[in-house]
Amino acid sequence: MDTMRDRFAPVVSRLLDEDPRVAVVLAEIGKDGFSEARSRHPDRVVNVGIREQLLIGTGAGLALTGLRPVLHTFAGFLVERPFEQVKLDLGHQDAGAVLVSAAASFDWPAGGFTHMSPGDVALLDTLDGWTVHVPGHPDEAETLLRHAVAAGDDKVYVRLSVQSNAQGLPVDGARFRTVREGHAGVVVAVGPILDAALAATEGLDVTLLYATTVRPFDAAALRRATETAGTDVVLVEPYLAGTSTKEAADALADVPHRVLGLGVGRRELRRYGTVEEHVAAHGLDPASLRERIGAFLGARVHG
């Protein structure tokens with residue numbers, strides 16, 4: 001099966017052909033995927049070289065001329081390294097762009113911590129007005145990429161990963177999807193962590209929500225789920241643990257509730273290893289998730 005990133009260049013290349021507003025800005029990484037598109041649209045496919053701050057600044061400048069720029073590199077180079085430019089060139093100037101990342105939290109362990117970005121979504125939460133899509137399958141990535149580019153002049157972040165669920169689900173770029181209904185708690189699984197959450201909650205009396213758009217956070221869906229499942233909520237996110245706990249708490253601010261945030265831990269794992277080993281070390285494999293979810297929700301969850 002192809003990866004989310006395999007879909008990225010073909011999808012955006014078609015959008016370059018279809019929409020004269022679309023432009024692509026690269027910082028060396030991913031340039032080969034746009035070689036044909038660049039020959040057709042040399043004025044709208046720009047490679048700035050290994051200059052991530054310039055990547056953001058160039059994209060903002062194109063946006064201010066009326067174009068819809070799509071900016072791409074690894075997450076750590078797209079959100080963390082040029083964060084001041086994201087804050088000022090895009091945010092302060094109200095310039096819209098689509099930031100599309102690769103490598104996610106630990107997709108390339110051999111690259112070391114410079115190529116990992118578990119804190120990217122949490123960092124964007126310090127800024128106003130960002131939409132954040134976290135697809136869990138290449139089909140969902142294609143849909144959400146198209147949503148992002150079509151979103152007027154909004155600021156949108158699309159987080160691509162080599163980790164993937166076995167099957168894609170219909171996504172609309174806005175709402176959470178109810179996958180399973182229960183009565184003893186709510187589990188919200190984000191993007192490529194859905195399959196692990198499904199396995200972890202098999203036979204448990206919980207409602208399982210699937211989120212591929214996490215900002216804005218679908219507070220209405222969470223509230224509806226808690227009406228029958230109760231207000232114990234577990235968030236399982238493929239990035240920094242606890243990133244969305246405030247969003248869930250705000251959604252339930254007028255009722256007693258408990259929220260557990262599971263995800264990538266803060267401690268850096270320095271021995272490279274494999275993606276699967278990182279998943280297990282952070283407690284995001286099905287067995288670990290089941291133990292942690294069961295302990296939080298208590299005896300009622302077993303039906």
# chains A, B, ... in the order shown; residues from 1 in each chain; ligands from 1
$ residues_around --residues "Val279 in chain A" --least-positions-apart "4" --cutoff "12 Å" --atoms "only C-alpha atoms" --output "ChimeraX atom specification"
/A:105-107,109,163,192-193,196,237-239,262-265,269,273-275,283-289
$ select_by_dssp --residues "range 64-151 of chain A" --states "strand (DSSP E or B)" --output "ChimeraX atom specification"
/A:68-74,97-102,130-133
$ write_last_selection --atoms "N, CA, C and O atoms" --output "PDB file, in the first residue's frame"
ATOM      1  N   ARG A  68      -2.446  30.457  -3.334  1.00  0.00           N
ATOM      2  CA  ARG A  68      -2.716  29.503  -2.257  1.00  0.00           C
ATOM      3  C   ARG A  68      -1.498  28.592  -2.140  1.00  0.00           C
ATOM      4  O   ARG A  68      -1.414  27.547  -2.795  1.00  0.00           O
ATOM      5  N   PRO A  69      -0.512  28.940  -1.306  1.00  0.00           N
ATOM      6  CA  PRO A  69       0.731  28.171  -1.255  1.00  0.00           C
ATOM      7  C   PRO A  69       0.610  26.913  -0.403  1.00  0.00           C
ATOM      8  O   PRO A  69      -0.015  26.904   0.659  1.00  0.00           O
ATOM      9  N   VAL A  70       1.237  25.838  -0.882  1.00  0.00           N
ATOM     10  CA  VAL A  70       1.365  24.580  -0.142  1.00  0.00           C
ATOM     11  C   VAL A  70       2.844  24.422   0.183  1.00  0.00           C
ATOM     12  O   VAL A  70       3.679  24.353  -0.718  1.00  0.00           O
ATOM     13  N   LEU A  71       3.174  24.339   1.465  1.00  0.00           N
ATOM     14  CA  LEU A  71       4.552  24.287   1.927  1.00  0.00           C
ATOM     15  C   LEU A  71       4.822  22.901   2.504  1.00  0.00           C
ATOM     16  O   LEU A  71       4.027  22.399   3.299  1.00  0.00           O
ATOM     17  N   HIS A  72       5.972  22.310   2.137  1.00  0.00           N
ATOM     18  CA  HIS A  72       6.209  20.923   2.548  1.00  0.00           C
ATOM     19  C   HIS A  72       7.641  20.673   2.962  1.00  0.00           C
ATOM     20  O   HIS A  72       8.584  21.080   2.272  1.00  0.00           O
ATOM     21  N   THR A  73       7.814  20.006   4.092  1.00  0.00           N
ATOM     22  CA  THR A  73       9.061  19.386   4.510  1.00  0.00           C
ATOM     23  C   THR A  73       8.759  18.531   5.740  1.00  0.00           C
ATOM     24  O   THR A  73       7.597  18.347   6.102  1.00  0.00           O
ATOM     25  N   PHE A  74       9.789  17.998   6.398  1.00  0.00           N
ATOM     26  CA  PHE A  74       9.576  17.228   7.612  1.00  0.00           C
ATOM     27  C   PHE A  74       8.985  18.127   8.699  1.00  0.00           C
ATOM     28  O   PHE A  74       9.257  19.328   8.745  1.00  0.00           O
ATOM     29  N   ALA A  97      -1.956  29.688   4.343  1.00  0.00           N
ATOM     30  CA  ALA A  97      -1.115  28.716   3.656  1.00  0.00           C
ATOM     31  C   ALA A  97      -1.495  27.331   4.132  1.00  0.00           C
ATOM     32  O   ALA A  97      -2.145  27.165   5.164  1.00  0.00           O
ATOM     33  N   VAL A  98      -1.062  26.328   3.363  1.00  0.00           N
ATOM     34  CA  VAL A  98      -1.237  24.925   3.745  1.00  0.00           C
ATOM     35  C   VAL A  98       0.135  24.355   4.041  1.00  0.00           C
ATOM     36  O   VAL A  98       0.986  24.259   3.154  1.00  0.00           O
ATOM     37  N   LEU A  99       0.376  24.000   5.290  1.00  0.00           N
ATOM     38  CA  LEU A  99       1.624  23.359   5.692  1.00  0.00           C
ATOM     39  C   LEU A  99       1.397  21.853   5.719  1.00  0.00           C
ATOM     40  O   LEU A  99       0.495  21.375   6.411  1.00  0.00           O
ATOM     41  N   VAL A 100       2.192  21.120   4.952  1.00  0.00           N
ATOM     42  CA  VAL A 100       2.050  19.666   4.867  1.00  0.00           C
ATOM     43  C   VAL A 100       3.358  19.036   5.334  1.00  0.00           C
ATOM     44  O   VAL A 100       4.401  19.214   4.706  1.00  0.00           O
ATOM     45  N   SER A 101       3.294  18.298   6.434  1.00  0.00           N
ATOM     46  CA  SER A 101       4.515  17.746   7.013  1.00  0.00           C
ATOM     47  C   SER A 101       4.660  16.261   6.703  1.00  0.00           C
ATOM     48  O   SER A 101       3.712  15.581   6.311  1.00  0.00           O
ATOM     49  N   ALA A 102       5.866  15.765   6.914  1.00  0.00           N
ATOM     50  CA  ALA A 102       6.167  14.340   6.868  1.00  0.00           C
ATOM     51  C   ALA A 102       7.012  14.010   8.091  1.00  0.00           C
ATOM     52  O   ALA A 102       7.497  14.892   8.784  1.00  0.00           O
ATOM     53  N   TRP A 130      -5.546  28.177  13.515  1.00  0.00           N
ATOM     54  CA  TRP A 130      -5.056  27.099  12.669  1.00  0.00           C
ATOM     55  C   TRP A 130      -6.040  25.934  12.631  1.00  0.00           C
ATOM     56  O   TRP A 130      -6.569  25.520  13.664  1.00  0.00           O
ATOM     57  N   THR A 131      -6.255  25.410  11.437  1.00  0.00           N
ATOM     58  CA  THR A 131      -6.947  24.133  11.266  1.00  0.00           C
ATOM     59  C   THR A 131      -5.880  23.050  11.189  1.00  0.00           C
ATOM     60  O   THR A 131      -4.865  23.225  10.501  1.00  0.00           O
ATOM     61  N   VAL A 132      -6.110  21.927  11.884  1.00  0.00           N
ATOM     62  CA  VAL A 132      -5.119  20.845  11.907  1.00  0.00           C
ATOM     63  C   VAL A 132      -5.798  19.537  11.512  1.00  0.00           C
ATOM     64  O   VAL A 132      -6.742  19.095  12.176  1.00  0.00           O
ATOM     65  N   HIS A 133      -5.310  18.933  10.431  1.00  0.00           N
ATOM     66  CA  HIS A 133      -5.794  17.639   9.956  1.00  0.00           C
ATOM     67  C   HIS A 133      -4.739  16.566  10.247  1.00  0.00           C
ATOM     68  O   HIS A 133      -3.544  16.768   9.969  1.00  0.00           O
TER      69      HIS A 133
END
$ residues_around --residues "Gly49 in chain A" --least-positions-apart "3" --cutoff "8 Å" --atoms "only C-alpha atoms" --output "CSV table (one decimal) with N, CA, C and O atoms, in the first residue's frame"
chain,number,residue,atom,x,y,z
A,26,LEU,N,9.0,24.3,-1.6
A,26,LEU,CA,9.7,23.2,-1.0
A,26,LEU,C,11.1,23.7,-0.5
A,26,LEU,O,11.6,24.7,-0.9
A,27,ALA,N,11.6,22.9,0.5
A,27,ALA,CA,12.9,23.2,1.0
A,27,ALA,C,13.8,22.0,0.8
A,27,ALA,O,14.3,21.3,1.7
A,28,GLU,N,14.0,21.7,-0.5
A,28,GLU,CA,14.8,20.5,-1.0
A,28,GLU,C,14.1,19.2,-0.8
A,28,GLU,O,14.1,18.4,-1.7
$ closest_residue --among "A:Glu80, A:Val188, A:Ala60, A:Pro216" --to "Asp128 in chain A" --atoms "only C-alpha atoms"
A:Pro216
$ residues_around --residues "Tyr272 in chain A" --least-positions-apart "4" --cutoff "8 Å" --atoms "only C-alpha atoms" --output "list in words"
Pro109, Ala110, Gly111 and Gly112 of chain A
$ select_by_dssp --residues "range 157-302 of chain A" --states "alpha helix (DSSP H)" --output "JSON, numbers by chain"
{"A": [194, 195, 196, 197, 198, 199, 200, 219, 220, 221, 222, 223, 224, 225, 226, 227, 228, 229, 245, 246, 247, 248, 249, 250, 251, 275, 276, 277, 278, 279, 280, 281, 286, 287, 288, 289, 290, 291, 292, 293, 294, 295, 296, 297]}
$ residues_around --residues "Leu62 in chain A" --least-positions-apart "3" --cutoff "12 Å" --atoms "only C-alpha atoms" --output "ChimeraX atom specification"
/A:21-25,43-46,54-59,65-71,89-90,95-98,153
$ closest_residue --among "A:His257, A:Ala199, A:Val134, A:Lys246" --to "Val214 in chain A" --atoms "only C-alpha atoms"
A:Val134
$ closest_residue --among "A:Ala75, A:Val190, A:Ala220, A:Leu252" --to "Leu235 in chain A" --atoms "only C-alpha atoms"
A:Val190
$ closest_residue --among "A:Val179, A:Val12, A:Pro82, A:Gly185" --to "Leu144 in chain A" --atoms "only C-alpha atoms"
A:Val12
$ closest_residue --among "A:Val187, A:Ala200, A:Ala281, A:Ala211" --to "Ala174 in chain A" --atoms "only C-alpha atoms"
A:Ala211
$ residues_around --residues "Thr231 in chain A" --least-positions-apart "4" --cutoff "9 Å" --atoms "only C-alpha atoms" --output "list in words"
Ala184, Gly185, Val186, Arg223, Ala225, Thr226, Glu227, Leu252, Val255, Pro256, His257, Arg258 and Val259 of chain A
$ closest_residue --among "A:His137, A:Gly242, A:Arg215, A:Ser35" --to "Asp195 in chain A" --atoms "only C-alpha atoms"
A:His137
